[in-house]
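Structure data (mmCIF, C-alpha atoms) from target-v4.cif:
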```
data_run
#
loop_
_atom_site.label_atom_id
_atom_site.label_comp_id
_atom_site.auth_asym_id
_atom_site.auth_seq_id
_atom_site.Cartn_x
_atom_site.Cartn_y
_atom_site.Cartn_z
CA MET A 191 33.81 35.21 37.75
CA VAL A 192 35.56 38.51 37.17
CA GLN A 193 38.51 38.14 34.79
CA TYR A 194 41.44 40.47 35.28
CA LYS A 195 43.20 41.77 32.23
CA LEU A 196 46.95 42.20 32.59
CA SER A 197 47.48 45.90 32.89
CA ASN A 198 50.18 48.47 33.39
CA ILE A 199 47.59 50.75 35.00
CA ASP A 200 48.30 49.10 38.38
CA ARG A 201 51.91 50.25 38.45
CA VAL A 202 51.34 53.63 36.80
CA ALA A 203 48.40 54.60 39.05
CA ALA A 204 50.34 53.48 42.16
CA ALA A 205 53.35 55.51 40.95
CA ILE A 206 51.36 58.74 40.59
CA SER A 207 49.51 58.24 43.91
CA ASP A 208 52.45 59.83 45.75
CA PRO A 209 53.03 63.61 45.78
CA THR A 210 56.84 63.24 45.69
CA ARG A 211 56.65 61.11 42.57
CA ARG A 212 54.18 63.53 40.92
CA ALA A 213 56.57 66.38 41.73
CA ILE A 214 59.45 64.45 40.09
CA ILE A 215 57.31 63.98 36.96
CA GLU A 216 56.45 67.71 36.98
CA ARG A 217 60.16 68.58 37.27
CA LEU A 218 61.17 66.25 34.41
CA ALA A 219 58.41 67.57 32.17
CA ARG A 220 60.54 70.75 32.00
CA GLY A 221 63.41 68.66 30.58
CA PRO A 222 65.93 65.90 31.42
CA ALA A 223 68.16 66.55 34.44
CA ARG A 224 70.87 64.97 36.58
CA ILE A 225 69.46 62.91 39.43
CA SER A 226 71.38 64.95 42.05
CA ASP A 227 69.88 68.19 40.68
CA VAL A 228 66.37 66.76 40.63
CA ALA A 229 66.80 65.48 44.21
CA LYS A 230 68.06 68.79 45.65
CA PRO A 231 64.74 70.53 46.48
CA PHE A 232 63.18 67.44 48.06
CA PRO A 233 63.15 67.26 51.87
CA MET A 234 64.56 63.71 52.10
CA SER A 235 67.78 61.70 51.82
CA LEU A 236 69.16 60.79 48.39
CA THR A 237 68.49 57.12 49.28
CA GLY A 238 64.81 57.89 49.95
CA PHE A 239 64.62 59.95 46.78
CA CYS A 240 66.14 57.13 44.69
CA LYS A 241 63.47 54.72 45.96
CA HIS A 242 60.81 57.00 44.46
CA VAL A 243 62.77 57.17 41.19
CA ARG A 244 62.87 53.36 41.04
CA VAL A 245 59.08 53.17 41.44
CA LEU A 246 58.77 55.60 38.52
CA GLU A 247 61.26 53.56 36.46
CA ARG A 248 59.37 50.31 37.09
CA ALA A 249 56.16 52.03 35.93
CA GLY A 250 57.99 53.06 32.74
CA LEU A 251 57.50 56.76 33.52
CA VAL A 252 61.16 57.72 33.96
CA ARG A 253 64.28 56.62 32.06
CA ARG A 254 67.76 56.79 33.51
CA THR A 255 70.93 57.24 31.44
CA ARG A 256 74.20 56.43 33.16
CA ARG A 257 76.99 58.81 32.20
CA GLY A 258 80.15 58.72 34.34
CA ARG A 259 79.39 59.33 37.98
CA ASP A 260 76.01 60.94 37.64
CA ASN A 261 72.76 59.71 36.12
CA THR A 262 70.44 61.66 33.90
CA LEU A 263 66.69 61.24 34.32
CA ARG A 264 64.17 61.92 31.61
CA LEU A 265 60.38 61.71 31.52
CA SER A 266 58.73 58.98 29.50
CA PRO A 267 55.06 59.97 29.82
CA ARG A 268 53.69 57.35 27.38
CA PRO A 269 52.33 54.98 30.12
CA LEU A 270 50.17 57.82 31.47
CA HIS A 271 48.12 57.41 28.32
CA ASP A 272 46.64 54.10 29.57
CA VAL A 273 45.56 55.69 32.85
CA ALA A 274 44.11 58.68 30.97
CA ARG A 275 42.15 56.39 28.68
CA TRP A 276 40.73 54.37 31.58
CA VAL A 277 39.80 57.45 33.62
CA LEU A 278 38.21 59.28 30.69
CA LYS A 279 35.67 56.48 30.19
CA TYR A 280 34.17 57.45 33.56
CA GLU A 281 34.64 61.15 32.95
CA GLN A 282 32.25 60.56 30.04
CA TYR A 283 29.82 58.69 32.32
CA TRP A 284 29.92 61.57 34.77
CA LYS A 285 29.19 64.13 32.02
CA THR A 286 26.26 62.03 30.77
CA ARG A 287 24.79 62.01 34.28
CA LEU A 288 25.16 65.79 34.55
CA ASP A 289 23.43 66.18 31.18
CA LYS A 290 20.56 63.99 32.39
CA LEU A 291 20.22 66.03 35.60
CA GLU A 292 20.17 69.20 33.53
CA GLU A 293 17.44 67.75 31.30
CA PHE A 294 15.48 66.71 34.38
CA PHE A 295 15.60 70.18 35.94
CA ALA A 296 14.73 71.77 32.61
CA SER A 297 11.65 69.53 32.33
CA GLN A 298 10.68 70.39 35.95
CA LYS A 299 10.90 74.08 35.10
CA GLU A 300 8.67 73.47 32.08
CA GLU A 301 6.10 71.73 34.30
CA ILE A 302 6.06 74.57 36.82
CA ARG A 303 5.32 77.15 34.10
CA MET B 164 62.19 73.14 48.79
CA VAL B 165 59.39 71.32 47.06
CA GLN B 166 55.98 72.36 48.42
CA TYR B 167 53.24 69.76 48.39
CA LYS B 168 49.73 70.89 47.62
CA LEU B 169 46.99 69.04 49.48
CA SER B 170 45.46 66.74 46.92
CA ASN B 171 42.82 64.09 46.57
CA ILE B 172 44.84 62.58 43.71
CA ASP B 173 46.81 60.50 46.25
CA ARG B 174 43.76 58.59 47.42
CA VAL B 175 42.04 58.37 44.02
CA ALA B 176 45.15 57.16 42.15
CA ALA B 177 45.86 54.58 44.89
CA ALA B 178 42.22 53.45 44.71
CA ILE B 179 42.35 52.81 40.95
CA SER B 180 45.77 51.11 41.11
CA ASP B 181 44.07 47.82 42.00
CA PRO B 182 42.31 45.66 39.35
CA THR B 183 39.55 44.56 41.77
CA ARG B 184 38.69 48.17 42.55
CA ARG B 185 38.73 49.13 38.86
CA ALA B 186 36.39 46.20 38.17
CA ILE B 187 34.01 47.43 40.91
CA ILE B 188 34.00 50.90 39.29
CA GLU B 189 33.32 49.31 35.89
CA ARG B 190 30.41 47.32 37.37
CA LEU B 191 28.89 50.37 39.08
CA ALA B 192 29.19 52.46 35.91
CA ARG B 193 26.39 50.24 34.58
CA GLY B 194 24.18 51.38 37.49
CA PRO B 195 23.79 51.21 41.30
CA ALA B 196 23.60 47.71 42.80
CA ARG B 197 23.36 45.87 46.10
CA ILE B 198 26.76 45.15 47.64
CA SER B 199 26.09 41.40 47.75
CA ASP B 200 25.26 41.37 44.02
CA VAL B 201 28.35 43.38 43.15
CA ALA B 202 30.51 41.06 45.28
CA LYS B 203 29.22 37.80 43.76
CA PRO B 204 31.52 37.45 40.70
CA PHE B 205 34.69 38.32 42.63
CA PRO B 206 36.94 35.43 43.72
CA MET B 207 37.28 36.54 47.36
CA SER B 208 35.45 36.62 50.70
CA LEU B 209 32.80 39.28 51.34
CA THR B 210 35.11 40.68 54.06
CA GLY B 211 37.95 41.07 51.54
CA PHE B 212 35.57 42.60 49.02
CA CYS B 213 34.26 45.11 51.59
CA LYS B 214 37.82 46.30 52.29
CA HIS B 215 38.13 47.27 48.63
CA VAL B 216 34.77 49.05 48.80
CA ARG B 217 35.96 51.05 51.81
CA VAL B 218 39.08 52.19 49.91
CA LEU B 219 36.78 53.39 47.11
CA GLU B 220 34.49 55.14 49.60
CA ARG B 221 37.41 56.95 51.24
CA ALA B 222 38.53 58.15 47.80
CA GLY B 223 35.00 59.48 47.23
CA LEU B 224 34.49 57.17 44.23
CA VAL B 225 31.68 55.03 45.66
CA ARG B 226 28.68 55.97 47.81
CA ARG B 227 26.84 53.51 50.01
CA THR B 228 23.16 53.78 50.93
CA ARG B 229 21.99 51.68 53.85
CA ARG B 230 18.52 50.25 53.33
CA GLY B 231 17.41 47.48 55.71
CA ARG B 232 19.86 44.60 55.74
CA ASP B 233 21.58 45.25 52.44
CA ASN B 234 23.57 48.21 51.21
CA THR B 235 23.34 49.78 47.80
CA LEU B 236 26.52 51.01 46.12
CA ARG B 237 26.61 53.70 43.48
CA LEU B 238 29.45 55.22 41.48
CA SER B 239 30.53 58.77 42.19
CA PRO B 240 33.07 59.34 39.41
CA ARG B 241 33.63 63.06 40.09
CA PRO B 242 37.04 62.59 41.87
CA LEU B 243 38.41 60.86 38.74
CA HIS B 244 38.28 64.29 37.12
CA ASP B 245 41.27 65.50 39.20
CA VAL B 246 43.37 62.51 38.15
CA ALA B 247 42.32 62.97 34.51
CA ARG B 248 43.28 66.65 34.63
CA TRP B 249 46.70 65.89 36.13
CA VAL B 250 47.46 63.07 33.69
CA LEU B 251 46.33 65.02 30.63
CA LYS B 252 48.92 67.74 31.27
CA TYR B 253 51.61 65.15 30.49
CA GLU B 254 49.61 63.60 27.68
CA GLN B 255 49.95 67.03 26.10
CA TYR B 256 53.71 67.05 26.77
CA TRP B 257 54.01 63.66 25.13
CA LYS B 258 52.11 64.82 22.03
CA THR B 259 54.31 67.92 21.77
CA ARG B 260 57.41 65.71 21.83
CA LEU B 261 55.99 63.49 19.11
CA ASP B 262 55.23 66.57 17.00
CA LYS B 263 58.83 67.76 17.47
CA LEU B 264 60.21 64.36 16.45
CA GLU B 265 57.98 64.41 13.38
CA GLU B 266 59.27 67.90 12.47
CA PHE B 267 62.85 66.71 12.99
CA PHE B 268 62.46 63.72 10.68
CA ALA B 269 60.69 65.84 8.11
CA SER B 270 63.60 68.31 8.13
CA GLN B 271 66.10 65.41 7.83
CA LYS B 272 64.23 64.15 4.79
CA GLU B 273 64.38 67.63 3.29
CA GLU B 274 68.16 67.74 3.83
CA ILE B 275 68.68 64.34 2.18
CA ARG B 276 66.83 65.47 -0.95
#
```
As structure tokens, the full file:
Amino acid sequence: MVQYKLSNIDRVAAAISDPTRRAIIERLARGPARISDVAKPFPMSLTGFCKHVRVLERAGLVRRTRRGRDNTLRLSPRPLHDVARWVLKYEQYWKTRLDKLEEFFASQKEEIR
Amino acid sequence: MVQYKLSNIDRVAAAISDPTRRAIIERLARGPARISDVAKPFPMSLTGFCKHVRVLERAGLVRRTRRGRDNTLRLSPRPLHDVARWVLKYEQYWKTRLDKLEEFFASQKEEIR
């Protein structure tokens, strides 16, 4: 039986599967900003925008600081590390396969000579 | 206005956000296998299992070869590369921040001396 390990990858990968949420991360990578300023360029209501921010908060990718009326958002990219680590295992597998294909074609060339 | 670039990251990140689908990828990284063999250890119906396989196929992560009655599945990890590339940009950002914090604490220690 397959055993599932508890993992934050579920929430983080789901969070970055949406282009709006990736754009928010890209914006916050340039520095912390007020939520109203971050929301401005997005073609949606502030309510819709805040739903995306909450998904990012639950994944641990964005932190919110309440200060008076407005909130400041800042990037917390640490959880991306787990996704990177998982993905890079298969990146390695893919490279190994390419190396093997290269070897194979090299040996074919040798045989033709 | 935020412009969205067309991206396969949406589908790939959504595909790997599920532990069953990550376990299928992990199984197929050990080599191609018949769908019924891959399905066996999973605590779900074959119909439920095949839905997960279809999500992986649509993301370009799994290829299916039909041979007689049974299908063979093989891993196609290439699309993971796009997710890895996107994530690693922020991995870099995170490292830079850590370096800056380290510098800051080092300078504080200098001042205390």
Could you fit chain B onto chain A with a least-squares superposition over all C-alpha atoms, matched one to one in order, and give me the transformed chain as a PDB file with C-alpha atoms, in the frame of the given file?
```pdb
ATOM      1  CA  MET B 164      33.697  35.382  37.797  1.00  0.00           C
ATOM      2  CA  VAL B 165      35.465  38.650  37.213  1.00  0.00           C
ATOM      3  CA  GLN B 166      38.396  38.255  34.802  1.00  0.00           C
ATOM      4  CA  TYR B 167      41.356  40.552  35.286  1.00  0.00           C
ATOM      5  CA  LYS B 168      43.132  41.828  32.219  1.00  0.00           C
ATOM      6  CA  LEU B 169      46.884  42.256  32.583  1.00  0.00           C
ATOM      7  CA  SER B 170      47.413  45.972  32.889  1.00  0.00           C
ATOM      8  CA  ASN B 171      50.136  48.511  33.390  1.00  0.00           C
ATOM      9  CA  ILE B 172      47.567  50.816  35.012  1.00  0.00           C
ATOM     10  CA  ASP B 173      48.274  49.163  38.392  1.00  0.00           C
ATOM     11  CA  ARG B 174      51.891  50.275  38.456  1.00  0.00           C
ATOM     12  CA  VAL B 175      51.341  53.675  36.812  1.00  0.00           C
ATOM     13  CA  ALA B 176      48.409  54.664  39.061  1.00  0.00           C
ATOM     14  CA  ALA B 177      50.347  53.548  42.170  1.00  0.00           C
ATOM     15  CA  ALA B 178      53.364  55.541  40.953  1.00  0.00           C
ATOM     16  CA  ILE B 179      51.385  58.785  40.597  1.00  0.00           C
ATOM     17  CA  SER B 180      49.538  58.308  43.910  1.00  0.00           C
ATOM     18  CA  ASP B 181      52.488  59.859  45.753  1.00  0.00           C
ATOM     19  CA  PRO B 182      53.088  63.657  45.797  1.00  0.00           C
ATOM     20  CA  THR B 183      56.899  63.273  45.699  1.00  0.00           C
ATOM     21  CA  ARG B 184      56.680  61.145  42.568  1.00  0.00           C
ATOM     22  CA  ARG B 185      54.232  63.561  40.921  1.00  0.00           C
ATOM     23  CA  ALA B 186      56.641  66.403  41.728  1.00  0.00           C
ATOM     24  CA  ILE B 187      59.511  64.461  40.093  1.00  0.00           C
ATOM     25  CA  ILE B 188      57.361  63.998  36.958  1.00  0.00           C
ATOM     26  CA  GLU B 189      56.529  67.721  36.979  1.00  0.00           C
ATOM     27  CA  ARG B 190      60.245  68.579  37.263  1.00  0.00           C
ATOM     28  CA  LEU B 191      61.241  66.231  34.428  1.00  0.00           C
ATOM     29  CA  ALA B 192      58.485  67.576  32.170  1.00  0.00           C
ATOM     30  CA  ARG B 193      60.622  70.729  31.999  1.00  0.00           C
ATOM     31  CA  GLY B 194      63.494  68.638  30.573  1.00  0.00           C
ATOM     32  CA  PRO B 195      65.986  65.853  31.430  1.00  0.00           C
ATOM     33  CA  ALA B 196      68.228  66.496  34.446  1.00  0.00           C
ATOM     34  CA  ARG B 197      70.923  64.902  36.574  1.00  0.00           C
ATOM     35  CA  ILE B 198      69.514  62.850  39.448  1.00  0.00           C
ATOM     36  CA  SER B 199      71.423  64.885  42.043  1.00  0.00           C
ATOM     37  CA  ASP B 200      69.957  68.137  40.672  1.00  0.00           C
ATOM     38  CA  VAL B 201      66.443  66.724  40.626  1.00  0.00           C
ATOM     39  CA  ALA B 202      66.865  65.448  44.201  1.00  0.00           C
ATOM     40  CA  LYS B 203      68.144  68.742  45.656  1.00  0.00           C
ATOM     41  CA  PRO B 204      64.838  70.522  46.475  1.00  0.00           C
ATOM     42  CA  PHE B 205      63.247  67.445  48.065  1.00  0.00           C
ATOM     43  CA  PRO B 206      63.222  67.245  51.881  1.00  0.00           C
ATOM     44  CA  MET B 207      64.615  63.694  52.103  1.00  0.00           C
ATOM     45  CA  SER B 208      67.825  61.662  51.832  1.00  0.00           C
ATOM     46  CA  LEU B 209      69.203  60.753  48.399  1.00  0.00           C
ATOM     47  CA  THR B 210      68.506  57.088  49.282  1.00  0.00           C
ATOM     48  CA  GLY B 211      64.834  57.880  49.959  1.00  0.00           C
ATOM     49  CA  PHE B 212      64.642  59.939  46.783  1.00  0.00           C
ATOM     50  CA  CYS B 213      66.159  57.110  44.706  1.00  0.00           C
ATOM     51  CA  LYS B 214      63.472  54.704  45.960  1.00  0.00           C
ATOM     52  CA  HIS B 215      60.836  56.996  44.466  1.00  0.00           C
ATOM     53  CA  VAL B 216      62.795  57.151  41.206  1.00  0.00           C
ATOM     54  CA  ARG B 217      62.880  53.350  41.054  1.00  0.00           C
ATOM     55  CA  VAL B 218      59.078  53.177  41.454  1.00  0.00           C
ATOM     56  CA  LEU B 219      58.787  55.594  38.514  1.00  0.00           C
ATOM     57  CA  GLU B 220      61.263  53.556  36.459  1.00  0.00           C
ATOM     58  CA  ARG B 221      59.358  50.322  37.097  1.00  0.00           C
ATOM     59  CA  ALA B 222      56.159  52.039  35.935  1.00  0.00           C
ATOM     60  CA  GLY B 223      57.991  53.064  32.749  1.00  0.00           C
ATOM     61  CA  LEU B 224      57.516  56.773  33.532  1.00  0.00           C
ATOM     62  CA  VAL B 225      61.183  57.711  33.977  1.00  0.00           C
ATOM     63  CA  ARG B 226      64.288  56.598  32.072  1.00  0.00           C
ATOM     64  CA  ARG B 227      67.779  56.747  33.509  1.00  0.00           C
ATOM     65  CA  THR B 228      70.941  57.182  31.441  1.00  0.00           C
ATOM     66  CA  ARG B 229      74.208  56.346  33.153  1.00  0.00           C
ATOM     67  CA  ARG B 230      77.015  58.698  32.183  1.00  0.00           C
ATOM     68  CA  GLY B 231      80.175  58.604  34.322  1.00  0.00           C
ATOM     69  CA  ARG B 232      79.402  59.165  37.981  1.00  0.00           C
ATOM     70  CA  ASP B 233      76.033  60.837  37.626  1.00  0.00           C
ATOM     71  CA  ASN B 234      72.795  59.618  36.121  1.00  0.00           C
ATOM     72  CA  THR B 235      70.487  61.601  33.911  1.00  0.00           C
ATOM     73  CA  LEU B 236      66.731  61.188  34.329  1.00  0.00           C
ATOM     74  CA  ARG B 237      64.214  61.887  31.611  1.00  0.00           C
ATOM     75  CA  LEU B 238      60.428  61.700  31.529  1.00  0.00           C
ATOM     76  CA  SER B 239      58.745  58.974  29.526  1.00  0.00           C
ATOM     77  CA  PRO B 240      55.086  59.987  29.827  1.00  0.00           C
ATOM     78  CA  ARG B 241      53.713  57.382  27.389  1.00  0.00           C
ATOM     79  CA  PRO B 242      52.341  55.012  30.131  1.00  0.00           C
ATOM     80  CA  LEU B 243      50.185  57.869  31.490  1.00  0.00           C
ATOM     81  CA  HIS B 244      48.138  57.469  28.319  1.00  0.00           C
ATOM     82  CA  ASP B 245      46.643  54.165  29.577  1.00  0.00           C
ATOM     83  CA  VAL B 246      45.564  55.758  32.856  1.00  0.00           C
ATOM     84  CA  ALA B 247      44.136  58.769  30.997  1.00  0.00           C
ATOM     85  CA  ARG B 248      42.165  56.486  28.678  1.00  0.00           C
ATOM     86  CA  TRP B 249      40.733  54.479  31.584  1.00  0.00           C
ATOM     87  CA  VAL B 250      39.810  57.555  33.626  1.00  0.00           C
ATOM     88  CA  LEU B 251      38.232  59.388  30.695  1.00  0.00           C
ATOM     89  CA  LYS B 252      35.684  56.602  30.182  1.00  0.00           C
ATOM     90  CA  TYR B 253      34.173  57.572  33.548  1.00  0.00           C
ATOM     91  CA  GLU B 254      34.642  61.274  32.937  1.00  0.00           C
ATOM     92  CA  GLN B 255      32.267  60.677  30.042  1.00  0.00           C
ATOM     93  CA  TYR B 256      29.835  58.813  32.322  1.00  0.00           C
ATOM     94  CA  TRP B 257      29.909  61.706  34.750  1.00  0.00           C
ATOM     95  CA  LYS B 258      29.166  64.239  31.993  1.00  0.00           C
ATOM     96  CA  THR B 259      26.266  62.110  30.738  1.00  0.00           C
ATOM     97  CA  ARG B 260      24.785  62.082  34.245  1.00  0.00           C
ATOM     98  CA  LEU B 261      25.113  65.846  34.512  1.00  0.00           C
ATOM     99  CA  ASP B 262      23.387  66.230  31.137  1.00  0.00           C
ATOM    100  CA  LYS B 263      20.541  63.992  32.357  1.00  0.00           C
ATOM    101  CA  LEU B 264      20.162  66.020  35.558  1.00  0.00           C
ATOM    102  CA  GLU B 265      20.081  69.204  33.495  1.00  0.00           C
ATOM    103  CA  GLU B 266      17.354  67.713  31.257  1.00  0.00           C
ATOM    104  CA  PHE B 267      15.406  66.639  34.348  1.00  0.00           C
ATOM    105  CA  PHE B 268      15.475  70.104  35.905  1.00  0.00           C
ATOM    106  CA  ALA B 269      14.587  71.690  32.599  1.00  0.00           C
ATOM    107  CA  SER B 270      11.542  69.406  32.311  1.00  0.00           C
ATOM    108  CA  GLN B 271      10.554  70.220  35.931  1.00  0.00           C
ATOM    109  CA  LYS B 272      10.692  73.912  35.109  1.00  0.00           C
ATOM    110  CA  GLU B 273       8.487  73.294  32.087  1.00  0.00           C
ATOM    111  CA  GLU B 274       5.934  71.480  34.275  1.00  0.00           C
ATOM    112  CA  ILE B 275       5.842  74.309  36.833  1.00  0.00           C
ATOM    113  CA  ARG B 276       5.056  76.863  34.121  1.00  0.00           C
TER     114      ARG B 276
END
```
Minimum-distance residue to B:Glu220, chosen among B:Ala202, B:Arg237, B:Gln255, B:Gly194 (using all atoms listed in the file): B:Arg237
Proximity check chain A to chain B, 10 Å, nearest pairs one decimal Å, all atoms listed in the file, as CSV:
```
residue,atom,partner,partner_atom,distance
A:Met191,CA,B:Pro204,CA,4.4
A:Val192,CA,B:Pro204,CA,5.5
A:Gln193,CA,B:Phe205,CA,8.7
A:Tyr194,CA,B:Pro182,CA,6.7
A:Lys195,CA,B:Pro182,CA,8.2
A:Leu196,CA,B:Pro182,CA,8.9
A:Ser197,CA,B:Pro182,CA,8.3
A:Asn198,CA,B:Ser180,CA,9.3
A:Ile199,CA,B:Ser180,CA,6.4
A:Asp200,CA,B:Ser180,CA,4.2
A:Arg201,CA,B:Ser180,CA,6.7
A:Val202,CA,B:Ser180,CA,7.5
A:Ala203,CA,B:Ser180,CA,4.8
A:Ala204,CA,B:Ser180,CA,5.3
A:Ala205,CA,B:Ala176,CA,8.5
A:Ile206,CA,B:Ala176,CA,6.6
A:Ser207,CA,B:Asp173,CA,4.2
A:Asp208,CA,B:Asp173,CA,5.7
A:Pro209,CA,B:Tyr167,CA,6.7
A:Thr210,CA,B:Tyr167,CA,7.9
A:Arg212,CA,B:Trp249,CA,9.2
A:Ala213,CA,B:Val165,CA,7.8
A:Ile214,CA,B:Val165,CA,9.8
A:Ile215,CA,B:Tyr253,CA,8.7
A:Glu216,CA,B:Tyr253,CA,8.5
A:Ala219,CA,B:Tyr256,CA,7.2
A:Arg220,CA,B:Tyr256,CA,9.4
A:Ala229,CA,B:Val165,CA,9.9
A:Lys230,CA,B:Met164,CA,8.0
A:Pro231,CA,B:Met164,CA,4.3
A:Phe232,CA,B:Val165,CA,5.5
A:Pro233,CA,B:Met164,CA,6.7
A:Leu265,CA,B:Trp257,CA,9.2
A:Ser266,CA,B:Trp257,CA,8.0
A:Pro267,CA,B:Trp257,CA,6.1
A:Arg268,CA,B:Trp257,CA,6.7
A:Pro269,CA,B:Glu254,CA,9.4
A:Leu270,CA,B:Val250,CA,6.3
A:His271,CA,B:Glu254,CA,6.4
A:Asp272,CA,B:Val250,CA,9.9
A:Val273,CA,B:Val250,CA,7.7
A:Ala274,CA,B:Ala247,CA,5.8
A:Arg275,CA,B:Ala247,CA,8.8
A:Trp276,CA,B:Arg185,CA,9.2
A:Val277,CA,B:Ala247,CA,6.1
A:Leu278,CA,B:Ala247,CA,6.7
A:Lys279,CA,B:Glu189,CA,9.5
A:Tyr280,CA,B:Pro240,CA,6.2
A:Glu281,CA,B:His244,CA,6.4
A:Gln282,CA,B:Pro240,CA,9.5
A:Tyr283,CA,B:Ala192,CA,7.2
A:Trp284,CA,B:Pro240,CA,6.0
A:Lys285,CA,B:Arg241,CA,9.3
```
Gap from atom CA of B:His215 to atom CA of A:His242 - Å, one decimal: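 Those two atoms sit 25.0 Å apart.
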Quick one: distance from atom CA of B:Glu273 to atom CA of A:Pro222 in Å, one decimal?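 These atoms are spaced 28.2 Å apart.
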Could you please determine the separation between atom CA of A:Ile225 and atom CA of A:Phe239 in Å, to one decimal place? 9.3 Å
Which residue is closest to A:Asn261? Choose from A:Ser297, A:Asp227, A:Arg248, A:Arg211 and count all atoms listed in the file.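 Closest candidate: A:Asp227.
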